[in-house]
file structure.tsv (TSV, C-alpha atoms)
chain	number	residue	atom	x	y	z
A	260	MET	CA	38.57	2.90	125.02
A	261	LYS	CA	40.97	0.56	123.20
A	262	LEU	CA	42.37	0.52	119.69
A	263	TYR	CA	43.32	-2.90	118.30
A	264	ASP	CA	46.17	-1.86	116.12
A	265	THR	CA	49.07	-3.23	114.10
A	266	THR	CA	52.40	-1.58	113.42
A	267	MET	CA	53.08	-1.93	109.72
A	268	ALA	CA	49.72	-1.78	107.89
A	269	PRO	CA	48.82	1.58	106.31
A	270	ASN	CA	45.21	1.29	107.48
A	271	ALA	CA	46.34	1.13	111.10
A	272	ARG	CA	48.88	3.93	110.70
A	273	ARG	CA	46.39	6.27	109.09
A	274	VAL	CA	44.16	6.00	112.16
A	275	ARG	CA	47.15	6.65	114.46
A	276	MET	CA	48.15	9.69	112.37
A	277	PHE	CA	44.56	10.99	112.41
A	278	LEU	CA	44.50	10.66	116.22
A	279	ALA	CA	47.91	12.37	116.49
A	280	GLU	CA	46.60	15.33	114.46
A	281	LYS	CA	43.76	15.68	116.96
A	282	ASP	CA	46.05	15.03	119.94
A	283	ILE	CA	43.83	12.16	121.10
A	284	ASN	CA	45.44	9.37	123.11
A	285	VAL	CA	43.94	5.89	123.00
A	286	ASP	CA	45.34	2.69	124.51
A	287	CYS	CA	46.66	0.56	121.66
A	288	ILE	CA	46.75	-3.23	121.67
A	289	ASP	CA	49.05	-4.74	119.06
A	290	ILE	CA	47.57	-7.39	116.77
A	291	ASP	CA	50.26	-9.33	114.93
A	292	LEU	CA	48.81	-10.01	111.48
A	293	GLN	CA	51.57	-12.38	110.37
A	294	LYS	CA	51.02	-14.55	113.45
A	295	GLY	CA	47.28	-14.46	112.69
A	296	ASP	CA	46.20	-12.68	115.90
A	297	ASN	CA	43.33	-11.24	113.83
A	298	LEU	CA	42.09	-14.71	112.87
A	299	THR	CA	41.42	-16.01	116.38
A	300	ALA	CA	37.88	-16.66	117.65
A	301	GLU	CA	38.47	-13.98	120.29
A	302	PHE	CA	39.27	-11.32	117.71
A	303	ARG	CA	36.51	-12.43	115.32
A	304	ALA	CA	34.04	-11.97	118.19
A	305	LYS	CA	34.98	-8.28	118.04
A	306	ASN	CA	35.21	-8.07	114.25
A	307	PRO	CA	33.81	-11.00	112.24
A	308	PHE	CA	35.56	-9.56	109.17
A	309	ALA	CA	38.92	-10.13	110.95
A	310	LYS	CA	40.32	-6.75	109.89
A	311	VAL	CA	42.49	-4.34	111.87
A	312	PRO	CA	42.18	-1.65	113.24
A	313	VAL	CA	39.19	-1.97	115.56
A	314	LEU	CA	38.07	0.57	118.14
A	315	GLU	CA	36.35	-0.74	121.28
A	316	LEU	CA	34.47	1.86	123.32
A	317	ASP	CA	34.18	1.57	127.10
A	318	ASP	CA	30.65	0.13	126.81
A	319	GLY	CA	31.91	-2.59	124.46
A	320	THR	CA	30.66	-0.96	121.23
A	321	ILE	CA	32.87	-1.91	118.30
A	322	ILE	CA	33.81	0.33	115.39
A	323	SER	CA	35.92	-1.25	112.68
A	324	GLU	CA	37.09	0.13	109.32
A	325	SER	CA	39.76	2.82	109.54
A	326	VAL	CA	37.70	5.66	108.13
A	327	ALA	CA	34.70	4.81	110.33
A	328	ILE	CA	37.00	5.10	113.35
A	329	CYS	CA	38.32	8.43	112.05
A	330	ARG	CA	34.79	9.68	111.44
A	331	TYR	CA	33.81	8.82	115.02
A	332	PHE	CA	36.65	10.98	116.35
A	333	GLU	CA	35.96	13.78	113.85
A	334	GLU	CA	32.40	13.95	115.20
A	335	THR	CA	33.32	13.71	118.88
A	336	GLN	CA	36.27	16.11	118.60
A	337	PRO	CA	35.91	18.25	115.45
A	338	GLU	CA	39.11	20.31	115.84
A	339	PRO	CA	41.37	20.31	113.92
A	340	VAL	CA	38.96	19.57	111.08
A	341	LEU	CA	40.20	16.74	108.86
A	342	LEU	CA	37.00	15.78	107.02
A	343	GLY	CA	35.83	19.26	105.98
A	344	THR	CA	33.34	21.86	107.21
A	345	THR	CA	31.08	22.96	104.33
A	346	ALA	CA	29.16	20.58	102.05
A	347	LEU	CA	31.58	21.23	99.22
A	348	GLU	CA	34.68	20.75	101.41
A	349	LYS	CA	33.31	17.49	102.78
A	350	ALA	CA	32.52	16.22	99.28
A	351	ASN	CA	35.89	17.30	97.90
A	352	ILE	CA	37.80	15.62	100.73
A	353	GLU	CA	35.69	12.47	100.35
A	354	MET	CA	36.49	12.49	96.62
A	355	TRP	CA	40.25	12.75	97.13
A	356	GLN	CA	40.17	10.31	99.99
A	357	ARG	CA	38.43	7.73	97.81
A	358	ARG	CA	40.67	8.41	94.85
A	359	ALA	CA	43.66	7.76	97.14
A	360	GLU	CA	42.05	4.62	98.54
A	361	PHE	CA	40.79	3.02	95.33
A	362	GLY	CA	43.53	4.41	93.10
A	363	PHE	CA	46.54	3.85	95.34
A	364	LEU	CA	45.96	2.19	98.73
A	365	LEU	CA	44.02	-0.70	97.24
A	366	PRO	CA	46.42	-1.57	94.38
A	367	THR	CA	49.44	-1.04	96.64
A	368	GLY	CA	47.95	-3.34	99.27
A	369	MET	CA	47.02	-5.98	96.70
A	370	SER	CA	50.43	-5.76	95.07
A	371	PHE	CA	51.94	-6.41	98.51
A	372	GLN	CA	49.60	-9.33	99.21
A	373	HIS	CA	50.08	-10.97	95.83
A	374	CYS	CA	53.79	-10.32	95.26
A	375	SER	CA	55.39	-10.50	98.72
A	376	GLY	CA	54.06	-13.87	99.86
A	377	PHE	CA	53.49	-12.33	103.31
A	378	PHE	CA	50.04	-13.93	103.70
A	379	LYS	CA	50.64	-17.02	101.55
A	380	ASP	CA	49.51	-19.27	104.44
A	381	ARG	CA	45.97	-17.87	104.10
A	382	MET	CA	45.52	-16.84	100.46
A	383	THR	CA	46.56	-17.84	96.95
A	384	PRO	CA	48.97	-15.20	95.65
A	385	ASN	CA	48.39	-14.27	92.01
A	386	GLN	CA	51.68	-12.78	90.84
A	387	ALA	CA	50.32	-11.44	87.54
A	388	TRP	CA	47.53	-9.62	89.34
A	389	GLY	CA	49.98	-8.20	91.88
A	390	GLU	CA	52.14	-6.82	89.09
A	391	ASP	CA	49.10	-5.35	87.32
A	392	CYS	CA	48.19	-3.60	90.59
A	393	LYS	CA	51.68	-2.13	90.82
A	394	LYS	CA	51.21	-0.58	87.36
A	395	SER	CA	47.86	0.83	88.49
A	396	ALA	CA	49.52	2.41	91.52
A	397	TYR	CA	52.04	4.15	89.26
A	398	GLY	CA	49.18	5.26	86.98
A	399	TYR	CA	47.61	6.94	89.98
A	400	LEU	CA	50.89	8.67	90.91
A	401	LYS	CA	51.05	10.15	87.40
A	402	LEU	CA	47.56	11.65	87.73
A	403	LEU	CA	48.23	12.82	91.27
A	404	ASN	CA	51.42	14.53	90.11
A	405	GLN	CA	49.40	16.56	87.59
A	406	HIS	CA	46.88	17.49	90.27
A	407	LEU	CA	49.53	18.53	92.81
A	408	SER	CA	51.16	20.84	90.25
A	409	ASN	CA	48.53	23.38	91.29
A	410	SER	CA	47.18	22.17	94.62
A	411	THR	CA	49.01	22.37	97.97
A	412	TYR	CA	47.32	19.32	99.46
A	413	LEU	CA	45.24	16.55	97.87
A	414	ALA	CA	41.94	18.32	98.61
A	415	GLY	CA	43.13	21.91	98.09
A	416	ASP	CA	44.56	24.45	100.53
A	417	HIS	CA	44.02	22.45	103.71
A	418	PHE	CA	45.54	19.27	105.07
A	419	SER	CA	42.92	16.50	105.34
A	420	ILE	CA	42.37	12.80	105.86
A	421	ALA	CA	43.10	12.31	102.15
A	422	ASP	CA	46.71	13.40	102.74
A	423	ILE	CA	46.97	10.95	105.64
A	424	THR	CA	45.79	8.07	103.43
A	425	MET	CA	48.22	9.03	100.69
A	426	LEU	CA	51.24	9.56	102.94
A	427	THR	CA	50.84	6.33	104.90
A	428	THR	CA	50.35	4.31	101.72
A	429	LEU	CA	53.32	5.91	99.99
A	430	ASP	CA	55.55	5.06	102.96
A	431	PHE	CA	54.20	1.51	103.00
A	432	GLY	CA	54.70	1.12	99.24
A	433	ARG	CA	58.48	1.08	99.69
A	434	VAL	CA	58.32	-2.53	100.91
A	435	ILE	CA	57.26	-3.58	97.41
A	436	ASP	CA	59.36	-0.93	95.68
A	437	ILE	CA	56.55	1.46	94.81
A	438	ARG	CA	58.47	4.74	95.09
A	439	LEU	CA	58.43	8.30	93.81
A	440	ASN	CA	60.86	8.99	90.98
A	441	ASP	CA	61.94	12.06	89.00
A	442	LYS	CA	58.62	12.08	87.12
A	443	HIS	CA	56.79	12.83	90.37
A	444	GLU	CA	58.24	16.22	91.30
A	445	HIS	CA	54.94	17.65	92.54
A	446	VAL	CA	54.10	14.58	94.61
A	447	GLN	CA	57.64	14.85	96.02
A	448	ARG	CA	57.04	18.52	96.97
A	449	TRP	CA	53.80	17.49	98.70
A	450	TYR	CA	55.51	14.50	100.36
A	451	ASP	CA	58.28	16.70	101.78
A	452	LEU	CA	55.65	19.05	103.20
A	453	VAL	CA	53.35	16.45	104.71
A	454	SER	CA	55.95	14.04	106.06
A	455	GLN	CA	57.36	16.83	108.26
A	456	ARG	CA	54.18	17.03	110.31
A	457	PRO	CA	54.67	15.73	113.87
A	458	SER	CA	51.72	13.34	113.30
A	459	ALA	CA	53.72	11.55	110.57
A	460	LYS	CA	55.78	9.90	113.35
A	461	ALA	CA	52.66	7.94	114.38
B	285	MET	CA	23.56	20.73	87.86
B	286	LYS	CA	24.34	17.61	85.77
B	287	LEU	CA	25.05	14.02	86.68
B	288	TYR	CA	27.21	12.08	84.24
B	289	ASP	CA	25.73	8.69	84.74
B	290	THR	CA	25.66	5.19	83.29
B	291	THR	CA	22.81	2.70	83.36
B	292	MET	CA	24.27	-0.61	84.47
B	293	ALA	CA	27.12	0.08	86.88
B	294	PRO	CA	26.27	-0.29	90.59
B	295	ASN	CA	28.24	2.86	91.47
B	296	ALA	CA	26.00	4.93	89.23
B	297	ARG	CA	22.79	3.27	90.43
B	298	ARG	CA	23.64	3.77	94.08
B	299	VAL	CA	23.82	7.53	93.48
B	300	ARG	CA	20.49	7.48	91.62
B	301	MET	CA	18.89	5.49	94.46
B	302	PHE	CA	20.35	7.88	97.06
B	303	LEU	CA	18.87	10.84	95.13
B	304	ALA	CA	15.51	9.05	94.79
B	305	GLU	CA	15.38	8.54	98.58
B	306	LYS	CA	15.85	12.29	98.99
B	307	ASP	CA	13.48	13.09	96.13
B	308	ILE	CA	16.15	15.16	94.39
B	309	ASN	CA	15.98	15.47	90.63
B	310	VAL	CA	19.18	16.04	88.65
B	311	ASP	CA	19.62	16.06	84.88
B	312	CYS	CA	21.42	12.85	83.91
B	313	ILE	CA	23.73	12.49	80.94
B	314	ASP	CA	24.38	8.90	79.91
B	315	ILE	CA	28.01	7.85	79.54
B	316	ASP	CA	28.36	4.57	77.66
B	317	LEU	CA	31.27	2.75	79.32
B	318	GLN	CA	31.49	-0.04	76.74
B	319	LYS	CA	31.81	2.51	73.95
B	320	GLY	CA	34.48	4.27	76.04
B	321	ASP	CA	32.62	7.58	76.46
B	322	ASN	CA	34.47	7.92	79.79
B	323	LEU	CA	37.88	7.66	78.09
B	324	THR	CA	37.54	10.70	75.82
B	325	ALA	CA	39.61	13.85	76.32
B	326	GLU	CA	36.39	15.75	76.96
B	327	PHE	CA	35.35	13.46	79.82
B	328	ARG	CA	38.87	13.26	81.27
B	329	ALA	CA	38.86	17.07	81.44
B	330	LYS	CA	36.02	16.66	83.94
B	331	ASN	CA	37.43	13.60	85.69
B	332	PRO	CA	41.06	12.69	84.96
B	333	PHE	CA	40.43	9.34	86.66
B	334	ALA	CA	37.86	8.56	83.92
B	335	LYS	CA	35.31	7.13	86.37
B	336	VAL	CA	31.54	7.51	86.38
B	337	PRO	CA	29.42	8.97	87.99
B	338	VAL	CA	30.48	12.62	88.03
B	339	LEU	CA	28.44	15.53	89.35
B	340	GLU	CA	28.95	18.92	87.71
B	341	LEU	CA	27.60	21.90	89.65
B	342	ASP	CA	26.26	24.98	87.85
B	343	ASP	CA	29.53	26.85	88.47
B	344	GLY	CA	31.51	24.02	86.85
B	345	THR	CA	32.72	22.46	90.11
B	346	ILE	CA	33.23	18.72	89.70
B	347	ILE	CA	32.54	16.07	92.31
B	348	SER	CA	33.40	12.52	91.36
B	349	GLU	CA	33.31	9.30	93.40
B	350	SER	CA	29.81	8.00	94.18
B	351	VAL	CA	29.97	8.45	97.93
B	352	ALA	CA	31.43	11.96	97.64
B	353	ILE	CA	28.41	12.87	95.49
B	354	CYS	CA	26.07	11.32	98.05
B	355	ARG	CA	27.80	13.17	100.87
B	356	TYR	CA	27.35	16.48	99.04
B	357	PHE	CA	23.60	15.90	98.84
B	358	GLU	CA	23.39	14.63	102.44
B	359	GLU	CA	24.94	17.93	103.56
B	360	THR	CA	22.85	20.17	101.32
B	361	GLN	CA	19.59	18.30	101.98
B	362	PRO	CA	19.90	16.26	105.20
B	363	GLU	CA	16.38	14.72	105.19
B	364	PRO	CA	15.82	11.82	105.02
B	365	VAL	CA	19.10	11.08	106.81
B	366	LEU	CA	21.09	8.35	105.06
B	367	LEU	CA	24.55	8.86	106.58
B	368	GLY	CA	23.57	9.08	110.27
B	369	THR	CA	22.97	11.80	112.83
B	370	THR	CA	24.99	11.10	115.98
B	371	ALA	CA	28.74	10.35	116.03
B	372	LEU	CA	28.06	6.68	116.71
B	373	GLU	CA	25.42	6.38	113.98
B	374	LYS	CA	27.71	8.04	111.46
B	375	ALA	CA	30.58	5.73	112.40
B	376	ASN	CA	28.38	2.63	112.34
B	377	ILE	CA	26.96	3.48	108.91
B	378	GLU	CA	30.45	4.25	107.60
B	379	MET	CA	31.61	0.87	108.94
B	380	TRP	CA	28.83	-1.09	107.20
B	381	GLN	CA	29.13	0.98	104.06
B	382	ARG	CA	32.83	0.17	103.84
B	383	ARG	CA	32.32	-3.48	104.68
B	384	ALA	CA	29.79	-3.63	101.81
B	385	GLU	CA	32.17	-1.79	99.48
B	386	PHE	CA	35.42	-3.61	100.24
B	387	GLY	CA	33.80	-6.95	101.09
B	388	PHE	CA	31.23	-7.14	98.32
B	389	LEU	CA	31.13	-4.30	95.76
B	390	LEU	CA	34.84	-4.48	95.06
B	391	PRO	CA	35.15	-8.27	94.60
B	392	THR	CA	31.87	-8.38	92.64
B	393	GLY	CA	33.10	-5.60	90.36
B	394	MET	CA	36.51	-7.23	89.89
B	395	SER	CA	34.93	-10.61	89.25
B	396	PHE	CA	32.83	-8.95	86.53
B	397	GLN	CA	35.84	-7.17	85.02
B	398	HIS	CA	38.07	-10.24	85.03
B	399	CYS	CA	35.55	-12.97	84.13
B	400	SER	CA	33.11	-11.29	81.73
B	401	GLY	CA	35.55	-9.86	79.20
B	402	PHE	CA	33.41	-6.69	79.11
B	403	PHE	CA	36.46	-4.37	79.25
B	404	LYS	CA	38.97	-6.67	77.55
B	405	ASP	CA	39.78	-3.90	75.02
B	406	ARG	CA	41.31	-1.82	77.84
B	407	MET	CA	42.58	-4.26	80.48
B	408	THR	CA	44.11	-7.72	80.81
B	409	PRO	CA	41.51	-10.02	82.35
B	410	ASN	CA	42.94	-12.39	84.96
B	411	GLN	CA	40.42	-15.25	85.15
B	412	ALA	CA	41.93	-16.84	88.28
B	413	TRP	CA	41.76	-13.54	90.14
B	414	GLY	CA	38.16	-12.98	89.00
B	415	GLU	CA	37.18	-16.40	90.34
B	416	ASP	CA	38.98	-15.72	93.63
B	417	CYS	CA	36.99	-12.48	93.93
B	418	LYS	CA	33.75	-14.38	93.40
B	419	LYS	CA	34.63	-16.63	96.36
B	420	SER	CA	35.36	-13.53	98.45
B	421	ALA	CA	31.96	-12.09	97.56
B	422	TYR	CA	30.28	-15.29	98.80
B	423	GLY	CA	32.42	-15.17	101.95
B	424	TYR	CA	31.02	-11.72	102.62
B	425	LEU	CA	27.43	-12.91	102.05
B	426	LYS	CA	27.97	-15.59	104.71
B	427	LEU	CA	29.09	-13.03	107.29
B	428	LEU	CA	26.35	-10.62	106.30
B	429	ASN	CA	23.76	-13.37	106.71
B	430	GLN	CA	24.91	-13.89	110.32
B	431	HIS	CA	24.73	-10.16	110.96
B	432	LEU	CA	21.24	-9.77	109.44
B	433	SER	CA	19.89	-12.58	111.64
B	434	ASN	CA	19.51	-9.91	114.33
B	435	SER	CA	19.65	-6.59	112.50
B	436	THR	CA	16.84	-5.14	110.34
B	437	TYR	CA	19.16	-3.18	108.08
B	438	LEU	CA	22.93	-3.32	107.58
B	439	ALA	CA	23.59	-0.54	110.09
B	440	GLY	CA	20.82	-1.40	112.58
B	441	ASP	CA	17.21	-0.20	112.80
B	442	HIS	CA	17.38	2.43	110.07
B	443	PHE	CA	17.81	2.27	106.31
B	444	SER	CA	21.09	3.91	105.25
B	445	ILE	CA	23.53	4.34	102.38
B	446	ALA	CA	25.05	0.97	103.34
B	447	ASP	CA	21.80	-0.75	102.29
B	448	ILE	CA	21.88	1.12	98.99
B	449	THR	CA	25.42	-0.07	98.27
B	450	MET	CA	24.52	-3.65	99.16
B	451	LEU	CA	21.26	-3.76	97.19
B	452	THR	CA	22.65	-2.25	94.01
B	453	THR	CA	25.67	-4.57	94.10
B	454	LEU	CA	23.55	-7.65	94.78
B	455	ASP	CA	21.33	-6.83	91.79
B	456	PHE	CA	24.40	-6.23	89.62
B	457	GLY	CA	26.02	-9.49	90.78
B	458	ARG	CA	23.44	-11.52	88.84
B	459	VAL	CA	25.25	-10.78	85.57
B	460	ILE	CA	28.16	-12.90	86.81
B	461	ASP	CA	25.93	-15.34	88.69
B	462	ILE	CA	26.60	-14.05	92.20
B	463	ARG	CA	23.20	-14.78	93.74
B	464	LEU	CA	21.58	-15.44	97.07
B	465	ASN	CA	20.86	-19.11	97.79
B	466	ASP	CA	19.15	-21.06	100.58
B	467	LYS	CA	22.08	-20.41	102.93
B	468	HIS	CA	21.31	-16.69	102.87
B	469	GLU	CA	17.84	-16.61	104.42
B	470	HIS	CA	18.48	-13.46	106.47
B	471	VAL	CA	20.01	-11.59	103.52
B	472	GLN	CA	16.96	-12.69	101.51
B	473	ARG	CA	14.61	-11.29	104.20
B	474	TRP	CA	16.55	-7.99	104.08
B	475	TYR	CA	16.59	-8.02	100.26
B	476	ASP	CA	12.81	-8.49	100.08
B	477	LEU	CA	12.37	-5.56	102.45
B	478	VAL	CA	14.77	-3.15	100.78
B	479	SER	CA	14.04	-3.95	97.14
B	480	GLN	CA	10.40	-2.90	97.69
B	481	ARG	CA	11.38	0.70	98.35
B	482	PRO	CA	10.29	3.05	95.52
B	483	SER	CA	13.91	4.26	95.26
B	484	ALA	CA	15.00	0.75	94.19
B	485	LYS	CA	13.49	1.48	90.77
B	486	ALA	CA	16.25	4.05	90.19
call {"tool": "encode", "arguments": {"input": "structure.tsv", "output": "structure tokens"}}
result
Amino acid sequence: MKLYDTTMAPNARRVRMFLAEKDINVDCIDIDLQKGDNLTAEFRAKNPFAKVPVLELDDGTIISESVAICRYFEETQPEPVLLGTTALEKANIEMWQRRAEFGFLLPTGMSFQHCSGFFKDRMTPNQAWGEDCKKSAYGYLKLLNQHLSNSTYLAGDHFSIADITMLTTLDFGRVIDIRLNDKHEHVQRWYDLVSQRPSAKA
Amino acid sequence: MKLYDTTMAPNARRVRMFLAEKDINVDCIDIDLQKGDNLTAEFRAKNPFAKVPVLELDDGTIISESVAICRYFEETQPEPVLLGTTALEKANIEMWQRRAEFGFLLPTGMSFQHCSGFFKDRMTPNQAWGEDCKKSAYGYLKLLNQHLSNSTYLAGDHFSIADITMLTTLDFGRVIDIRLNDKHEHVQRWYDLVSQRPSAKA
């Protein structure tokens, strides 16, 4: 089994952190996005959508999309549970996971793409859109701060994949100066708790 | 149990179609997005993120995010299976679901928001970004067409939630002139198959 991985991207790190929580070791192959390793014919043969990370099973089966990879491991090795046990837990974790993805990971990623110029050789940066996304990311932090005033983790009393998505994106956000400030005391309390987990080193 | 729903949006329709596949009836309450029914204090008390659809259970528990709602029903009434049975099926469906969401639903939705002016009272449309998104949506259709040249449904031999996401978005895309053309013969074959399902009337 091989994981085509990249160091900096939050999508890649959230899979590594998920695997670390489950104490699963997978051989990682680094794909350098800035050099365009993901745009080669060889890589596109594995994933036509040219996205990282990609999991390749021993029989050659490909699973791409970070959360699809996580789901595969949740099913093959349920403990510790990171996607929920009961119907309501699963739905609640999925809700907070998607709020973190669409409300924070997506605008943070687009702000990076459109404001940093990192991928300007392969896209047309739209500065105004990137700045709008940054505002959206802060809008999400405001709502999350209210939620975390009476919830230990994003999806309640238990650590879940939603916390992994949020933590890895928040760490990544620093590169475009999306940071917690004194208005985010409850997010800061949660961040201090979650970032101390051994898996956060992944 | 109540579903706060809206007629036109693909996110709302994909939940209705998912429920129709499972033959589950839920009382629907229409939320008019253009009038801003989702922006009231009353609605934000249910979903601070102000998004539709929202499921309210009889005990007042709230589940928002379309796929979280679908997952709740998949867990409480597994048949017919729409999210997979084995680890590999679940991962493969999650992969195609997310490819459809990030590769097609998201750019189609953003193209609508930024090019139609529908929400111009509450956002700053960015025409150039909306047009870029439209190109991305067509880029996805090209890749999907290749995939569907040797796959009956998005995730293989069985109909799944990924097909629901794709069908509802493709129908919605017409309002901003994102349409299949003669380059998309395999997507057209799939569309003709899937749009005949009784649940597509939802």
call {"tool": "interface_residues", "arguments": {"input": "structure.tsv", "of": "chain A", "to": "chain B", "cutoff": "6 Å", "atoms": "all atoms listed in the file", "output": "list in words"}}
result
Glu324, Ala327, Arg330, Tyr331, Glu334, Ala346, Ala350, Glu353 and Met354 of chain A
call {"tool": "atom_distance", "arguments": {"input": "structure.tsv", "atom1": "atom CA of B:Ala439", "atom2": "atom CA of B:Gly368"}}
result
9.6 Å
call {"tool": "atom_distance", "arguments": {"input": "structure.tsv", "atom1": "atom CA of A:Glu280", "atom2": "atom CA of A:Leu439"}}
result
24.8 Å
call {"tool": "atom_distance", "arguments": {"input": "structure.tsv", "atom1": "atom CA of A:Ala309", "atom2": "atom CA of A:Asp291"}}
result
12.0 Å
call {"tool": "closest_residue", "arguments": {"input": "structure.tsv", "among": "B:Leu389, B:Leu432, B:Ile462, B:Val478", "to": "B:Thr449", "atoms": "only C-alpha atoms"}}
result
B:Leu389
call {"tool": "residues_around", "arguments": {"input": "structure.tsv", "residues": "B:Ser433", "least_positions_apart": "6", "cutoff": "10 Å", "atoms": "all atoms listed in the file", "output": "PyMOL selection string"}}
result
chain B and resi 468-471+473-474
call {"tool": "axis_aligned_box", "arguments": {"input": "structure.tsv", "around": "stretch 438-452 of chain B", "padding_each_side": "8 Å", "output": "JSON"}}
result
{"center_x": 21.3, "center_y": 0.3, "center_z": 103.4, "size_x": 24.2, "size_y": 24.1, "size_z": 34.8}
call {"tool": "closest_residue", "arguments": {"input": "structure.tsv", "among": "A:Met260, A:Cys287, A:Leu292, A:Leu429", "to": "A:Arg381", "atoms": "all atoms listed in the file"}}
result
A:Leu292
call {"tool": "closest_residue", "arguments": {"input": "structure.tsv", "among": "A:Arg303, A:Lys310, A:Lys281, A:Lys442", "to": "A:Pro337", "atoms": "all atoms listed in the file"}}
result
A:Lys281
call {"tool": "build_atoms", "arguments": {"input": "structure.tsv", "residues": "stretch 311-328 of chain A", "atoms": "N, CA and C atoms", "output": "PDB file, in the frame of the given file"}}
result
ATOM      1  N   VAL A 311      41.924  -5.282 110.902  1.00  0.00           N
ATOM      2  CA  VAL A 311      42.490  -4.340 111.870  1.00  0.00           C
ATOM      3  C   VAL A 311      42.617  -3.005 111.160  1.00  0.00           C
ATOM      4  N   PRO A 312      42.412  -1.863 111.810  1.00  0.00           N
ATOM      5  CA  PRO A 312      42.180  -1.650 113.240  1.00  0.00           C
ATOM      6  C   PRO A 312      40.709  -1.776 113.648  1.00  0.00           C
ATOM      7  N   VAL A 313      40.524  -1.919 114.956  1.00  0.00           N
ATOM      8  CA  VAL A 313      39.190  -1.970 115.560  1.00  0.00           C
ATOM      9  C   VAL A 313      39.216  -1.092 116.811  1.00  0.00           C
ATOM     10  N   LEU A 314      38.215  -0.255 116.943  1.00  0.00           N
ATOM     11  CA  LEU A 314      38.070   0.570 118.140  1.00  0.00           C
ATOM     12  C   LEU A 314      36.995  -0.047 119.033  1.00  0.00           C
ATOM     13  N   GLU A 315      37.330  -0.220 120.314  1.00  0.00           N
ATOM     14  CA  GLU A 315      36.350  -0.740 121.280  1.00  0.00           C
ATOM     15  C   GLU A 315      36.078   0.362 122.298  1.00  0.00           C
ATOM     16  N   LEU A 316      34.833   0.819 122.343  1.00  0.00           N
ATOM     17  CA  LEU A 316      34.470   1.860 123.320  1.00  0.00           C
ATOM     18  C   LEU A 316      34.306   1.236 124.703  1.00  0.00           C
ATOM     19  N   ASP A 317      34.239   2.075 125.716  1.00  0.00           N
ATOM     20  CA  ASP A 317      34.180   1.570 127.100  1.00  0.00           C
ATOM     21  C   ASP A 317      32.944   0.716 127.368  1.00  0.00           C
ATOM     22  N   ASP A 318      31.863   0.950 126.610  1.00  0.00           N
ATOM     23  CA  ASP A 318      30.650   0.130 126.810  1.00  0.00           C
ATOM     24  C   ASP A 318      30.664  -1.134 125.943  1.00  0.00           C
ATOM     25  N   GLY A 319      31.797  -1.382 125.268  1.00  0.00           N
ATOM     26  CA  GLY A 319      31.910  -2.590 124.460  1.00  0.00           C
ATOM     27  C   GLY A 319      31.533  -2.404 122.994  1.00  0.00           C
ATOM     28  N   THR A 320      31.007  -1.231 122.641  1.00  0.00           N
ATOM     29  CA  THR A 320      30.660  -0.960 121.230  1.00  0.00           C
ATOM     30  C   THR A 320      31.909  -1.050 120.363  1.00  0.00           C
ATOM     31  N   ILE A 321      31.747  -1.703 119.221  1.00  0.00           N
ATOM     32  CA  ILE A 321      32.870  -1.910 118.300  1.00  0.00           C
ATOM     33  C   ILE A 321      32.712  -1.037 117.065  1.00  0.00           C
ATOM     34  N   ILE A 322      33.770  -0.370 116.680  1.00  0.00           N
ATOM     35  CA  ILE A 322      33.810   0.330 115.390  1.00  0.00           C
ATOM     36  C   ILE A 322      35.026  -0.181 114.634  1.00  0.00           C
ATOM     37  N   SER A 323      34.797  -0.854 113.519  1.00  0.00           N
ATOM     38  CA  SER A 323      35.920  -1.250 112.680  1.00  0.00           C
ATOM     39  C   SER A 323      35.872  -0.452 111.395  1.00  0.00           C
ATOM     40  N   GLU A 324      36.856  -0.652 110.542  1.00  0.00           N
ATOM     41  CA  GLU A 324      37.090   0.130 109.320  1.00  0.00           C
ATOM     42  C   GLU A 324      37.729   1.468 109.692  1.00  0.00           C
ATOM     43  N   SER A 325      38.933   1.650 109.182  1.00  0.00           N
ATOM     44  CA  SER A 325      39.760   2.820 109.540  1.00  0.00           C
ATOM     45  C   SER A 325      39.014   4.142 109.452  1.00  0.00           C
ATOM     46  N   VAL A 326      38.322   4.352 108.333  1.00  0.00           N
ATOM     47  CA  VAL A 326      37.700   5.660 108.130  1.00  0.00           C
ATOM     48  C   VAL A 326      36.476   5.833 109.031  1.00  0.00           C
ATOM     49  N   ALA A 327      35.811   4.726 109.377  1.00  0.00           N
ATOM     50  CA  ALA A 327      34.700   4.810 110.330  1.00  0.00           C
ATOM     51  C   ALA A 327      35.221   5.228 111.698  1.00  0.00           C
ATOM     52  N   ILE A 328      36.385   4.712 112.077  1.00  0.00           N
ATOM     53  CA  ILE A 328      37.000   5.100 113.350  1.00  0.00           C
ATOM     54  C   ILE A 328      37.360   6.600 113.300  1.00  0.00           C
TER      55      ILE A 328
END
